[in-house]
Amino acid sequence: MTQDELKQAVARAALDYVVEGKIVGVGTGSTANCFIDALAEIKDRIAGAVASSEATRKRLEGHGIRVFDLNDVTELPVYIDGADEINARMHMIKGGGGALTREKIVAAVAEKFVCIADGSKLVPVLGKFPLPVEAIPMARAQIMRELASLGGTPVVRDGFVTDNGNLIIDLKGLEIADPAALETRLNQIVGVVTNGIFACRPADVCLLGTGEGVKILTAS
Ligand code: 5RP
């Protein structure tokens with residue numbers, strides 16, 4: 001199976017987690033796009049969706065799926081999104097598409113986080129994928145110094161502006177032994193909006209696309 005077929009398989013499997021008559025939280029990226037396309041087939045059975053990015057909002061609306069403002073939503077049974085890396089404890093690196101802050105906000109509201117990923121995303125230790133950090137532009141230089149002091153190499157994502165009007169700094173070369181501790185520490189840096197470690201609120205389940213089918217993983 002190609003990587004694209006694996007993404008489509010996990011996206012389709014995620015439909016089982018969508019709660020009928022309710023609003024579903026929807027992530028960002030190529031795997032999330034496969035999910036949006038699959039969701040369109042059952043759009044009459046849901047109340048609508050909350051989007052984690054402008055790109056996702058546009059794709060949902062393009063399919064005729066109603067998109068709610070998160071502030072108007074009191075109940076969100078499930079959030080479905082991809083990941084750049086995920087470990088056996090369901091900790092993730094996210095933000096390859098730069099939507100990490102809105103993704104983290106929607107995930108915080110959702111009762112259940114379902115990660116959909118092809119098998120290449122499962123790693124023993126997080127950090128090979130550069131860790132995205134969303135930064136307020138005027139704090140860029142200071143944040144770069146602070147990130148460098150952690151031992152990694154910070155690189156500003158060229159020409160990229162987030163949906164919130166901020167920069168992404170990708171932190172390369174870190175081996176993340178304690179994801180929750182690093183997530184918390186990075187968020188203490190003044191001017192950091194959030195970072196792409198999702199460990200304090202990990203996924204509840206991962207649907208992993210493999211050559212042997214879709215595996216359902218939970219924290220071990
Ligand atoms: C976007 C994300 C995505 O979930 C992550 O980058 C995975 O993307 P893809 O499904 O295209 O591999 O966090 O900000």
# chains A, B, ... in the order shown; residues from 1 in each chain; ligands from 1
$ closest_atom_pairs --of "chain A" --to "ligand 1" --cutoff "7 Å" --atoms "only C-alpha atoms and all ligand atoms" --output "JSON lines"
{"residue": "A:Gly27", "atom": "CA", "partner": "ligand 1", "partner_atom_place_in_ligand_line": "4 (O)", "distance": 6.3}
{"residue": "A:Thr28", "atom": "CA", "partner": "ligand 1", "partner_atom_place_in_ligand_line": "1 (C)", "distance": 4.8}
{"residue": "A:Gly29", "atom": "CA", "partner": "ligand 1", "partner_atom_place_in_ligand_line": "11 (O)", "distance": 3.9}
{"residue": "A:Ser30", "atom": "CA", "partner": "ligand 1", "partner_atom_place_in_ligand_line": "11 (O)", "distance": 3.6}
{"residue": "A:Thr31", "atom": "CA", "partner": "ligand 1", "partner_atom_place_in_ligand_line": "10 (O)", "distance": 3.7}
{"residue": "A:Ala32", "atom": "CA", "partner": "ligand 1", "partner_atom_place_in_ligand_line": "10 (O)", "distance": 5.9}
{"residue": "A:Asp81", "atom": "CA", "partner": "ligand 1", "partner_atom_place_in_ligand_line": "4 (O)", "distance": 5.6}
{"residue": "A:Gly82", "atom": "CA", "partner": "ligand 1", "partner_atom_place_in_ligand_line": "4 (O)", "distance": 3.7}
{"residue": "A:Ala83", "atom": "CA", "partner": "ligand 1", "partner_atom_place_in_ligand_line": "7 (C)", "distance": 4.1}
{"residue": "A:Asp84", "atom": "CA", "partner": "ligand 1", "partner_atom_place_in_ligand_line": "7 (C)", "distance": 4.6}
{"residue": "A:Lys94", "atom": "CA", "partner": "ligand 1", "partner_atom_place_in_ligand_line": "13 (O)", "distance": 3.7}
{"residue": "A:Gly95", "atom": "CA", "partner": "ligand 1", "partner_atom_place_in_ligand_line": "14 (O)", "distance": 3.3}
{"residue": "A:Gly96", "atom": "CA", "partner": "ligand 1", "partner_atom_place_in_ligand_line": "6 (O)", "distance": 3.5}
{"residue": "A:Gly97", "atom": "CA", "partner": "ligand 1", "partner_atom_place_in_ligand_line": "14 (O)", "distance": 3.6}
{"residue": "A:Gly98", "atom": "CA", "partner": "ligand 1", "partner_atom_place_in_ligand_line": "14 (O)", "distance": 4.4}
{"residue": "A:Ala99", "atom": "CA", "partner": "ligand 1", "partner_atom_place_in_ligand_line": "14 (O)", "distance": 3.8}
{"residue": "A:Leu100", "atom": "CA", "partner": "ligand 1", "partner_atom_place_in_ligand_line": "14 (O)", "distance": 4.9}
{"residue": "A:Ala117", "atom": "CA", "partner": "ligand 1", "partner_atom_place_in_ligand_line": "10 (O)", "distance": 6.8}
$ write_last_selection --atoms "C-alpha atoms" --output "compact mmCIF listing (two decimals), in the first residue's frame"
# COMPACT_ATOMS: atom_id res chain seq x y z
CA GLY A 27 -7.47 18.59 12.33
CA THR A 28 -5.16 19.86 9.61
CA GLY A 29 -2.86 18.26 7.05
CA SER A 30 -2.95 15.64 4.31
CA THR A 31 -4.30 12.85 6.55
CA ALA A 32 -6.94 15.17 8.01
CA ASP A 81 -6.23 14.78 13.49
CA GLY A 82 -2.93 13.56 12.07
CA ALA A 83 0.54 13.79 13.61
CA ASP A 84 4.13 14.20 12.50
CA LYS A 94 2.38 18.12 15.57
CA GLY A 95 2.51 21.36 13.63
CA GLY A 96 4.24 20.32 10.43
CA GLY A 97 1.44 22.28 8.75
CA GLY A 98 1.81 25.14 11.22
CA ALA A 99 -1.65 24.76 12.78
CA LEU A 100 -0.43 23.53 16.17
CA ALA A 117 -1.43 8.31 10.99
$ select_by_dssp --residues "segment 77-193 of chain A" --states "helix (DSSP H, G or I)" --output "VMD selection string"
chain A and resid 100 to 109 119 to 121 137 to 148 179 to 186
$ atom_distance --atom1 "atom CA of Ala148 of chain A" --atom2 "atom CA of Leu182 of chain A"
13.7 Å
$ residues_around --residues "Leu207 of chain A" --least-positions-apart "3" --cutoff "9 Å" --atoms "only C-alpha atoms" --output "list of chain:residue names"
A:Val10, A:Ala11, A:Ala13, A:Ala14, A:Val114, A:Cys115, A:Ile116, A:Ala117, A:Asp118, A:Val214, A:Lys215, A:Ile216, A:Leu217
$ write_last_selection --atoms "all heavy atoms" --output "mmCIF file, in the first residue's frame"
data_model
loop_
_atom_site.group_PDB
_atom_site.id
_atom_site.type_symbol
_atom_site.label_atom_id
_atom_site.label_comp_id
_atom_site.auth_asym_id
_atom_site.auth_seq_id
_atom_site.Cartn_x
_atom_site.Cartn_y
_atom_site.Cartn_z
ATOM 1 N N VAL A 10 -6.864 4.994 7.242
ATOM 2 C CA VAL A 10 -7.071 5.437 8.636
ATOM 3 C C VAL A 10 -8.148 6.518 8.706
ATOM 4 O O VAL A 10 -8.917 6.585 9.686
ATOM 5 C CB VAL A 10 -5.760 5.912 9.320
ATOM 6 C CG1 VAL A 10 -4.810 4.745 9.506
ATOM 7 C CG2 VAL A 10 -5.080 7.039 8.556
ATOM 8 N N ALA A 11 -8.221 7.332 7.671
ATOM 9 C CA ALA A 11 -9.255 8.381 7.640
ATOM 10 C C ALA A 11 -10.641 7.745 7.631
ATOM 11 O O ALA A 11 -11.553 8.176 8.343
ATOM 12 C CB ALA A 11 -9.059 9.254 6.405
ATOM 13 N N ALA A 13 -11.360 4.699 8.685
ATOM 14 C CA ALA A 13 -11.561 4.006 9.979
ATOM 15 C C ALA A 13 -12.005 4.991 11.064
ATOM 16 O O ALA A 13 -12.737 4.619 11.995
ATOM 17 C CB ALA A 13 -10.273 3.294 10.390
ATOM 18 N N ALA A 14 -11.570 6.242 10.935
ATOM 19 C CA ALA A 14 -11.914 7.247 11.958
ATOM 20 C C ALA A 14 -13.394 7.597 11.944
ATOM 21 O O ALA A 14 -13.925 8.112 12.947
ATOM 22 C CB ALA A 14 -11.073 8.509 11.741
ATOM 23 N N VAL A 114 -8.570 11.338 18.641
ATOM 24 C CA VAL A 114 -8.230 10.199 17.791
ATOM 25 C C VAL A 114 -7.162 10.653 16.794
ATOM 26 O O VAL A 114 -7.415 11.517 15.952
ATOM 27 C CB VAL A 114 -9.475 9.674 17.042
ATOM 28 C CG1 VAL A 114 -9.094 8.523 16.111
ATOM 29 C CG2 VAL A 114 -10.539 9.217 18.040
ATOM 30 N N CYS A 115 -5.968 10.073 16.924
ATOM 31 C CA CYS A 115 -4.880 10.391 15.992
ATOM 32 C C CYS A 115 -4.942 9.415 14.817
ATOM 33 O O CYS A 115 -5.071 8.202 15.025
ATOM 34 C CB CYS A 115 -3.540 10.285 16.716
ATOM 35 S SG CYS A 115 -2.123 10.539 15.618
ATOM 36 N N ILE A 116 -4.861 9.949 13.610
ATOM 37 C CA ILE A 116 -4.842 9.090 12.417
ATOM 38 C C ILE A 116 -3.492 9.288 11.730
ATOM 39 O O ILE A 116 -3.090 10.410 11.433
ATOM 40 C CB ILE A 116 -6.037 9.401 11.465
ATOM 41 C CG1 ILE A 116 -6.197 10.901 11.204
ATOM 42 C CG2 ILE A 116 -7.319 8.828 12.032
ATOM 43 C CD1 ILE A 116 -7.297 11.243 10.185
ATOM 44 N N ALA A 117 -2.791 8.180 11.507
ATOM 45 C CA ALA A 117 -1.427 8.309 10.988
ATOM 46 C C ALA A 117 -1.026 7.058 10.217
ATOM 47 O O ALA A 117 -1.441 5.947 10.554
ATOM 48 C CB ALA A 117 -0.459 8.510 12.158
ATOM 49 N N ASP A 118 -0.200 7.255 9.214
ATOM 50 C CA ASP A 118 0.381 6.084 8.551
ATOM 51 C C ASP A 118 1.534 5.575 9.404
ATOM 52 O O ASP A 118 2.060 6.297 10.266
ATOM 53 C CB ASP A 118 0.837 6.441 7.130
ATOM 54 C CG ASP A 118 1.990 7.408 7.122
ATOM 55 O OD1 ASP A 118 3.142 6.959 7.298
ATOM 56 O OD2 ASP A 118 1.760 8.614 6.964
ATOM 57 N N VAL A 214 -5.422 -1.489 9.496
ATOM 58 C CA VAL A 214 -5.416 -0.377 10.459
ATOM 59 C C VAL A 214 -5.327 -0.946 11.866
ATOM 60 O O VAL A 214 -6.187 -1.726 12.293
ATOM 61 C CB VAL A 214 -6.696 0.491 10.312
ATOM 62 C CG1 VAL A 214 -6.720 1.576 11.386
ATOM 63 C CG2 VAL A 214 -6.766 1.105 8.912
ATOM 64 N N LYS A 215 -4.246 -0.556 12.586
ATOM 65 C CA LYS A 215 -4.086 -1.019 13.976
ATOM 66 C C LYS A 215 -4.622 0.045 14.919
ATOM 67 O O LYS A 215 -4.428 1.243 14.690
ATOM 68 C CB LYS A 215 -2.608 -1.270 14.279
ATOM 69 C CG LYS A 215 -2.045 -2.451 13.509
ATOM 70 C CD LYS A 215 -0.636 -2.781 13.954
ATOM 71 C CE LYS A 215 -0.151 -4.008 13.167
ATOM 72 N NZ LYS A 215 1.291 -4.192 13.241
ATOM 73 N N ILE A 216 -5.284 -0.418 15.976
ATOM 74 C CA ILE A 216 -5.821 0.510 16.971
ATOM 75 C C ILE A 216 -4.900 0.487 18.191
ATOM 76 O O ILE A 216 -4.786 -0.539 18.859
ATOM 77 C CB ILE A 216 -7.259 0.116 17.392
ATOM 78 C CG1 ILE A 216 -8.174 0.103 16.146
ATOM 79 C CG2 ILE A 216 -7.793 1.077 18.444
ATOM 80 C CD1 ILE A 216 -9.577 -0.415 16.399
ATOM 81 N N LEU A 217 -4.202 1.604 18.426
ATOM 82 C CA LEU A 217 -3.237 1.670 19.525
ATOM 83 C C LEU A 217 -3.770 2.576 20.631
ATOM 84 O O LEU A 217 -4.385 3.607 20.356
ATOM 85 C CB LEU A 217 -1.898 2.253 19.044
ATOM 86 C CG LEU A 217 -1.244 1.646 17.790
ATOM 87 C CD1 LEU A 217 0.069 2.356 17.500
ATOM 88 C CD2 LEU A 217 -1.000 0.167 17.975
#
$ closest_atom_pairs --of "segment 135-191 of chain A" --to "segment 40-56 of chain A" --cutoff "10 Å" --atoms "only C-alpha atoms" --output "Markdown table"
| residue | atom | partner | partner_atom | distance |
| --- | --- | --- | --- | --- |
| A:Thr162 | CA | A:Ser53 | CA | 9.1 |
| A:Asp163 | CA | A:Glu54 | CA | 6.8 |
| A:Asn164 | CA | A:Ser53 | CA | 9.5 |
$ closest_residue --among "A:Arg140, A:Arg59, A:Lys128, A:Arg145" --to "Asp37 of chain A" --atoms "only C-alpha atoms"
A:Arg59
$ closest_atom_pairs --of "segment 63-176 of chain A" --to "segment 188-203 of chain A" --cutoff "10 Å" --atoms "only C-alpha atoms" --output "tab-separated table"
residue	atom	partner	partner_atom	distance
A:Tyr79	CA	A:Ala203	CA	9.4
A:Ile80	CA	A:Ala203	CA	9.4
A:Asp81	CA	A:Ala203	CA	9.5
A:Ala83	CA	A:Phe198	CA	9.5
A:Asp84	CA	A:Gly196	CA	9.5
A:Glu85	CA	A:Ile197	CA	9.6
A:Ile86	CA	A:Ala203	CA	8.9
A:Asn87	CA	A:Ala199	CA	10.0
A:Arg89	CA	A:Pro202	CA	7.8
A:Met90	CA	A:Ala203	CA	5.2
A:His91	CA	A:Ala199	CA	4.5
A:Met92	CA	A:Phe198	CA	5.0
A:Ile93	CA	A:Ile197	CA	4.8
A:Lys94	CA	A:Gly196	CA	4.8
A:Gly95	CA	A:Gly196	CA	5.5
A:Gly96	CA	A:Gly196	CA	8.5
A:Gly98	CA	A:Gly196	CA	8.9
A:Ala99	CA	A:Gly196	CA	9.1
A:Leu100	CA	A:Gly196	CA	5.8
A:Thr101	CA	A:Thr194	CA	6.0
A:Arg102	CA	A:Thr194	CA	9.6
A:Glu103	CA	A:Gly196	CA	9.4
A:Lys104	CA	A:Phe198	CA	7.5
A:Ala107	CA	A:Arg201	CA	7.8
A:Ala108	CA	A:Arg201	CA	7.1
A:Lys112	CA	A:Ala203	CA	7.6
A:Phe113	CA	A:Ala203	CA	4.9
A:Val114	CA	A:Ala203	CA	5.9
A:Cys115	CA	A:Ala203	CA	6.1
A:Ile116	CA	A:Ala203	CA	9.8
A:Leu126	CA	A:Ile197	CA	8.9
A:Gly127	CA	A:Ile197	CA	9.5
A:Pro130	CA	A:Gly196	CA	9.4
A:Leu131	CA	A:Gly196	CA	6.0
A:Pro132	CA	A:Gly196	CA	5.2
A:Val133	CA	A:Asn195	CA	4.3
A:Glu134	CA	A:Val193	CA	5.4
A:Ala135	CA	A:Val192	CA	4.6
A:Ile136	CA	A:Gly191	CA	5.3
A:Pro137	CA	A:Gly191	CA	8.1
A:Met138	CA	A:Gly191	CA	8.0
A:Ala139	CA	A:Gly191	CA	5.4
A:Arg140	CA	A:Gly191	CA	7.8
A:Gln142	CA	A:Gly191	CA	8.6
A:Ile143	CA	A:Ile189	CA	7.0
A:Glu146	CA	A:Ile189	CA	7.6
A:Leu147	CA	A:Ile189	CA	8.9
A:Asn164	CA	A:Val193	CA	9.7
A:Asn166	CA	A:Val193	CA	8.6
A:Leu167	CA	A:Val193	CA	9.7
A:Ile168	CA	A:Asn195	CA	9.3
A:Ile169	CA	A:Asn195	CA	9.3
A:Asp170	CA	A:Gly196	CA	9.5
A:Leu171	CA	A:Asn195	CA	9.9
A:Ile176	CA	A:Ile197	CA	9.5
